[in-house]
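Q: The structure follows.
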Amino acid sequence: MTLLTRLSQITRDATLSPKQKSNFLALEADASLPYVAVSPAVKQAMQAGVICDMFEGNAPFKPRYVLPDYAKYLKQGSKYLELNAAQDLDEALNALTIIYHHVPSVTNIPVYLGQLDDVLMPFCRDLDSDTIYRKLKLFWIMLDRTLPDAFMHVNIGPTDNIVCRTILKIDAELKQIAPNLTFMYDPSITPDELLQVATTNICECSKPHIANYPIHANSYDDKGFGIVSCYNSLPLAGGANTLVRLNLKEVALKAADITDFFESTLPHYCQLTYELINARCRFLHQESNFFSSFLVKEGLIEESRFAPMFGIYGMAEAVNILRGHPELTESNSEKPSPYYGHDRAANELGHQISKALDAIVKATAVEYGYNDRASLHSQGGISLDKDVTPGVRIPYGTEPNPIAHIKALAAHHQYYSSGISDILTIDETVKSNPLAMFQLCKGALQHGFREFTVNVASNDLVRVTGYMIKLSDIEKFKENGSRTNTTFLGAEAAANTKILLRQPRVIAHELTPSYSD
């Protein structure tokens with residue numbers, strides 16, 4: 001298909017709004033530019049599907065993810081935006097609405113909206129709860145309607161405050177796909193009753209993510225971090241300049257055996273991944289002029305706080321291939337299985353691969369990184385992935401019971417500082433016993449999970465890779481399109497990646513082990 005034919009198709013697409021057509025036309029222009037200079041070996045690895053650049057554009061002119069210091073922005077105002085410091089909640093919400101339209105990302109919509117309870121609490125101290133509720137509810141609706149993208153992300157917690165509780169209340173009521181939401185949990189700060197509110201919300205609308213705040217915080221300095229897009233943890237006042245991912249399934253297929261995988265094949269393709277990371281970052285930092293923007297000049301972001309994300313996916317397939325079980329069949333926790341997620345030896349091989357990747361990432365300097373390093377990331381997949389499982393997840397349709405699921409994956413979480421998430425799918429009966437969700441969450445975090453994420457089977461709102469979609473929107477998409485930018489990704493993922501085959505499990509069966517401890 002020629003470029004002109006593709007552009008013509010976009011302009012005539014009945015399922016796209018004018019704004020969405022503009023976005024797709026821009027992506028085609030991006031993809032028609034000359035690619036950043038890389039070696040023939042990198043090009044070959046990309047063409048073979050071993051390394052993927054996540055379709056960020058051939059000549060990256062903006063970072064993948066940007067995390068401005070919104071608290072600083074509200075305190076100082078902005079010369080570029082001609083705004084004074086905010087004086088009350090109305091001015092704060094107005095100022096945030098304005099700056100969100102000037103924060104770029106790979107999606108052209110801000111993926112980080114801030115640690116909103118921390119950011120907004122100074123403007124709420126003299127307001128009653130009803131006033132705060134009304135204003136934040138209108139703000140929440142505005143976000144979904146004007147920035148209709150499920151990668152847009154708000155953080156709240158770990159402290160107990162009126163803004164945090166109000167956002168949880170509003171999110172459960174409105175059940176919007178956007179914004180995505182992470183609740184930070186710190187056992188030394190967060191009361192159990194507040195965590196229970198958050199986990200009850202999951203029963204209602206499959207949100208929020210629950211983040212293990214102490215583990216995340218230990219990966220960063222005192223300036224802090226944020227959770228953005230799906231579940232990606234990055235330095236506050238910085239972000240991710242790029243995300244390049246390595247397909248471990250394809251790496252395993254090229255290895256002669258397990259020894260060759262660890263000693264030769266994996267290091268080789270990691271080296272090529274780093275070459276691509278450096279090439280893309282070099283263009284962004286040296287040629288795009290992004291880091292002369294007002295966000296930098298006004299101190300809202302710092303160039304040194306951007307980290308390339310070294311992503312991996314296909315862990316399950318890699319383990320099964322290396323152990324001689326490449327053909328995955330449906331299994332469950334009640335039947336013996338040699339596969340990843342069900343067998344102790346298979347799971348331990350996966351942990352060994354994560355440990356090896358962590359060692360490589362920590363030992364390898366990058367030209368533009370956070371403390372001169374990239375950050376390891378368990379990448380949640382994209383809608384085009386076929387026959388390969390996101391990150392270190394257990395293949396859809398083969399999930400064991402929730403406790404076995406958590407135990408199988410918990411050891412991975414220590415290594416993936418820029419984000420790792422599995423998606424447990426729980427039967428709808430949990431709605432009559434939300435305390436079970438609370439207990440499952442606490443157990444997962446105590447076992448070392450960085451993120452606790454759940455779909456409840458009967459909810460219209462479901463997670464795909466980490467972003468939200470409505471199943472009802474997918475059903476209507478082919479004929480009517482969607483006002484939400486990410487619905488088409490969800491529809492594509494449903495067709496290509498088996499997300500609808502996830503097995504709902506009952507927490508009451510959690511004591512049935514999938515393997516002996």
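Naming scheme: A, B, ... for chains in displayed order of the structure tokens; residues 1 onward per chain; ligands 1 onward as shown.
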Excluding Val244 in chain A and any residue of its chain fewer than 5 positions from it, enumerate the residues within 8 Å of it, using only C-alpha atoms, and give them as a PyMOL selection string.

A: chain A and resi 51-54+273+276-277+308-311

Q: Excluding same-chain residues fewer than 2 positions from range 441-449 of chain A, what lies within 8 Å of it counting only C-alpha atoms, as a PyMOL selection string?

A: chain A and resi 199+210+212+406-407+410-411+413-414+437-439+451-452

Q: Can you spit out the residues from that selection as a compact mmCIF listing (two decimals), in the first residue's frame, using C-alpha atoms?

A:
# COMPACT_ATOMS: atom_id res chain seq x y z
CA THR A 199 -9.85 -2.66 46.81
CA ILE A 210 -2.52 -0.73 43.93
CA ASN A 212 3.67 -0.99 46.57
CA ILE A 406 0.98 -14.51 42.79
CA LYS A 407 3.58 -16.95 44.10
CA ALA A 410 6.36 -12.44 42.85
CA ALA A 411 10.11 -13.08 42.54
CA HIS A 413 9.00 -7.91 40.72
CA GLN A 414 12.25 -6.99 42.48
CA MET A 437 -10.05 -8.70 47.45
CA PHE A 438 -8.48 -6.68 50.26
CA GLN A 439 -6.79 -9.78 51.71
CA GLU A 451 1.62 -3.61 41.44
CA PHE A 452 -1.62 -5.38 42.28

Q: May I ask which of the residues A:Val454, A:Asp422, A:Leu357, A:Pro434 is the closest one to Glu263 in chain A, counting only C-alpha atoms?

A: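 Looking at the shortest contact to Glu263 in chain A, the residue is A:Leu357.
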
Q: Contacts of Met152 in chain A at 12 Å or less, counting only C-alpha atoms, minus same-chain residues fewer than 6 places along, as a ChimeraX atom specification?

A: /A:65-67,100-101,103-114,140,143-144,146,176-182,227-232,466-468,484-486

Q: For C-alpha atoms, I'd like the residues from the last selection saved as a CSV table (one decimal), in the first residue's frame.

A:
chain,number,residue,atom,x,y,z
A,65,TYR,CA,6.6,9.7,28.7
A,66,VAL,CA,6.9,13.1,30.5
A,67,LEU,CA,6.3,13.6,34.3
A,100,TYR,CA,-2.1,19.1,30.3
A,101,HIS,CA,-2.6,20.2,26.7
A,103,VAL,CA,2.6,18.0,28.0
A,104,PRO,CA,3.6,15.6,25.1
A,105,SER,CA,3.9,11.9,25.1
A,106,VAL,CA,4.0,9.0,22.6
A,107,THR,CA,0.2,9.2,22.4
A,108,ASN,CA,0.1,13.1,22.1
A,109,ILE,CA,-1.9,13.1,25.3
A,110,PRO,CA,-0.3,13.5,28.8
A,111,VAL,CA,0.2,10.1,30.4
A,112,TYR,CA,0.9,11.6,33.8
A,113,LEU,CA,-1.6,14.0,35.5
A,114,GLY,CA,0.2,14.1,38.8
A,140,TRP,CA,-12.9,14.0,36.4
A,143,LEU,CA,-10.6,14.7,31.7
A,144,ASP,CA,-12.4,11.8,30.2
A,146,THR,CA,-11.4,16.2,26.5
A,176,GLN,CA,-14.8,6.0,33.2
A,177,ILE,CA,-12.0,4.4,31.2
A,178,ALA,CA,-10.0,7.6,31.8
A,179,PRO,CA,-8.1,8.6,33.7
A,180,ASN,CA,-6.2,5.4,34.7
A,181,LEU,CA,-5.6,5.4,38.4
A,182,THR,CA,-3.0,4.1,40.8
A,227,ILE,CA,3.2,5.9,37.9
A,228,VAL,CA,2.2,6.7,34.3
A,229,SER,CA,0.4,5.3,31.3
A,230,CYS,CA,-0.4,1.6,32.1
A,231,TYR,CA,1.8,1.0,35.2
A,232,ASN,CA,5.2,2.5,34.4
A,466,GLY,CA,-2.8,-2.0,31.7
A,467,TYR,CA,-5.1,0.6,30.1
A,468,MET,CA,-8.8,0.4,30.4
A,484,THR,CA,-12.0,7.2,23.0
A,485,ASN,CA,-8.7,7.0,21.3
A,486,THR,CA,-7.8,3.6,22.8

Q: One decimal, Å: what's the distance from CA of Ala237 in chain A over to CA of Pro187 in chain A, could you say?

A: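 The value is 25.8 Å.
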
Q: Using DSSP on the backbone coordinates, identify all residues within range 70-269 of chain A classified as helix (DSSP H, G or I); present the result as a PyMOL selection string.

A: chain A and resi 70-76+89-100+116-123+129-146+162-174+192-205+213-217+248-253+258-269

Q: Any chance you could export the current selection's C-alpha atoms as a CSV table (one decimal), in the first residue's frame?

A:
chain,number,residue,atom,x,y,z
A,70,TYR,CA,2.8,19.9,38.8
A,71,ALA,CA,3.1,21.0,42.4
A,72,LYS,CA,6.0,23.4,41.4
A,73,TYR,CA,3.9,24.6,38.4
A,74,LEU,CA,0.9,25.5,40.6
A,75,LYS,CA,3.2,27.2,43.1
A,76,GLN,CA,5.2,29.3,40.7
A,89,LEU,CA,-8.9,25.1,44.0
A,90,ASP,CA,-10.7,26.6,41.0
A,91,GLU,CA,-7.5,28.2,39.8
A,92,ALA,CA,-5.5,25.0,40.4
A,93,LEU,CA,-7.9,22.9,38.4
A,94,ASN,CA,-8.0,25.5,35.6
A,95,ALA,CA,-4.2,25.7,35.6
A,96,LEU,CA,-3.8,21.9,35.4
A,97,THR,CA,-6.4,21.7,32.6
A,98,ILE,CA,-4.3,24.2,30.6
A,99,ILE,CA,-0.9,22.6,31.1
A,100,TYR,CA,-2.1,19.1,30.3
A,116,LEU,CA,-3.3,14.7,42.6
A,117,ASP,CA,-4.0,14.5,46.3
A,118,ASP,CA,-0.6,15.9,47.1
A,119,VAL,CA,-0.9,18.5,44.4
A,120,LEU,CA,-4.4,19.7,45.3
A,121,MET,CA,-4.6,19.3,49.1
A,122,PRO,CA,-3.0,22.8,49.7
A,123,PHE,CA,-6.0,24.3,47.9
A,129,SER,CA,-16.4,17.9,51.5
A,130,ASP,CA,-19.4,18.6,49.3
A,131,THR,CA,-17.6,21.5,47.5
A,132,ILE,CA,-14.5,19.4,46.9
A,133,TYR,CA,-16.7,16.5,45.6
A,134,ARG,CA,-18.6,18.7,43.1
A,135,LYS,CA,-15.4,20.4,41.7
A,136,LEU,CA,-13.4,17.2,41.4
A,137,LYS,CA,-16.3,15.3,39.8
A,138,LEU,CA,-16.6,18.0,37.1
A,139,PHE,CA,-12.8,17.8,36.7
A,140,TRP,CA,-12.9,14.0,36.4
A,141,ILE,CA,-15.6,14.2,33.7
A,142,MET,CA,-13.7,16.9,31.8
A,143,LEU,CA,-10.6,14.7,31.7
A,144,ASP,CA,-12.4,11.8,30.2
A,145,ARG,CA,-14.2,13.9,27.6
A,146,THR,CA,-11.4,16.2,26.5
A,162,ILE,CA,-10.0,14.1,51.6
A,163,VAL,CA,-8.8,14.4,48.0
A,164,CYS,CA,-7.7,10.8,47.8
A,165,ARG,CA,-11.0,9.6,49.3
A,166,THR,CA,-13.1,11.9,47.0
A,167,ILE,CA,-11.3,10.7,43.9
A,168,LEU,CA,-11.9,7.0,44.8
A,169,LYS,CA,-15.6,7.8,45.4
A,170,ILE,CA,-15.9,9.6,42.1
A,171,ASP,CA,-14.1,7.0,40.1
A,172,ALA,CA,-16.3,4.2,41.5
A,173,GLU,CA,-19.4,6.3,40.6
A,174,LEU,CA,-18.5,7.3,37.1
A,192,ASP,CA,-6.2,-0.6,56.3
A,193,GLU,CA,-9.6,0.9,56.1
A,194,LEU,CA,-8.5,3.2,53.2
A,195,LEU,CA,-6.8,0.3,51.4
A,196,GLN,CA,-10.1,-1.5,51.8
A,197,VAL,CA,-11.9,1.4,50.1
A,198,ALA,CA,-9.5,1.1,47.2
A,199,THR,CA,-9.8,-2.7,46.8
A,200,THR,CA,-13.6,-2.4,47.0
A,201,ASN,CA,-13.4,0.1,44.1
A,202,ILE,CA,-11.7,-2.7,42.1
A,203,CYS,CA,-14.7,-4.8,42.7
A,204,GLU,CA,-16.9,-2.0,41.2
A,205,CYS,CA,-14.8,-0.8,38.3
A,213,TYR,CA,4.9,2.5,47.5
A,214,PRO,CA,8.0,1.6,49.6
A,215,ILE,CA,9.4,-0.7,46.8
A,216,HIS,CA,8.9,1.9,44.1
A,217,ALA,CA,10.2,4.8,46.3
A,248,LEU,CA,12.4,-13.2,24.8
A,249,LYS,CA,10.4,-15.8,22.8
A,250,GLU,CA,12.4,-15.0,19.6
A,251,VAL,CA,15.7,-14.9,21.6
A,252,ALA,CA,15.0,-18.3,23.0
A,253,LEU,CA,14.2,-19.7,19.5
A,258,ILE,CA,19.7,-22.9,28.0
A,259,THR,CA,23.5,-22.4,28.4
A,260,ASP,CA,23.8,-20.8,25.0
A,261,PHE,CA,20.8,-18.6,25.8
A,262,PHE,CA,22.4,-17.1,29.0
A,263,GLU,CA,26.0,-17.0,27.8
A,264,SER,CA,25.6,-15.8,24.2
A,265,THR,CA,22.2,-15.3,22.7
A,266,LEU,CA,20.6,-13.1,25.4
A,267,PRO,CA,23.7,-10.8,25.8
A,268,HIS,CA,24.0,-10.4,22.0
A,269,TYR,CA,20.4,-9.2,21.6

Q: So which residues touch Ala29 in chain A within 12 Å, counting only C-alpha atoms, skipping near sequence neighbours fewer than 4 positions away, as a CSV table (one decimal) with C-alpha atoms, in the first residue's frame?

A:
chain,number,residue,atom,x,y,z
A,3,LEU,CA,1.6,6.3,1.5
A,4,LEU,CA,-1.0,8.3,-0.5
A,6,ARG,CA,-3.0,5.0,3.3
A,7,LEU,CA,-3.6,8.7,3.8
A,22,SER,CA,-5.4,14.1,12.4
A,23,ASN,CA,-3.6,11.9,14.8
A,24,PHE,CA,-3.4,9.0,12.4
A,25,LEU,CA,-2.2,11.2,9.6
A,33,LEU,CA,10.8,10.0,7.8
A,34,PRO,CA,14.3,8.5,7.5
A,57,GLY,CA,8.4,7.4,15.3
A,58,ASN,CA,11.4,7.2,13.0
A,59,ALA,CA,12.9,10.4,14.2

Q: Quick one: distance from CA of Gly299 in chain A to CA of Ser78 in chain A in Å, one decimal?

A: 10.1 Å
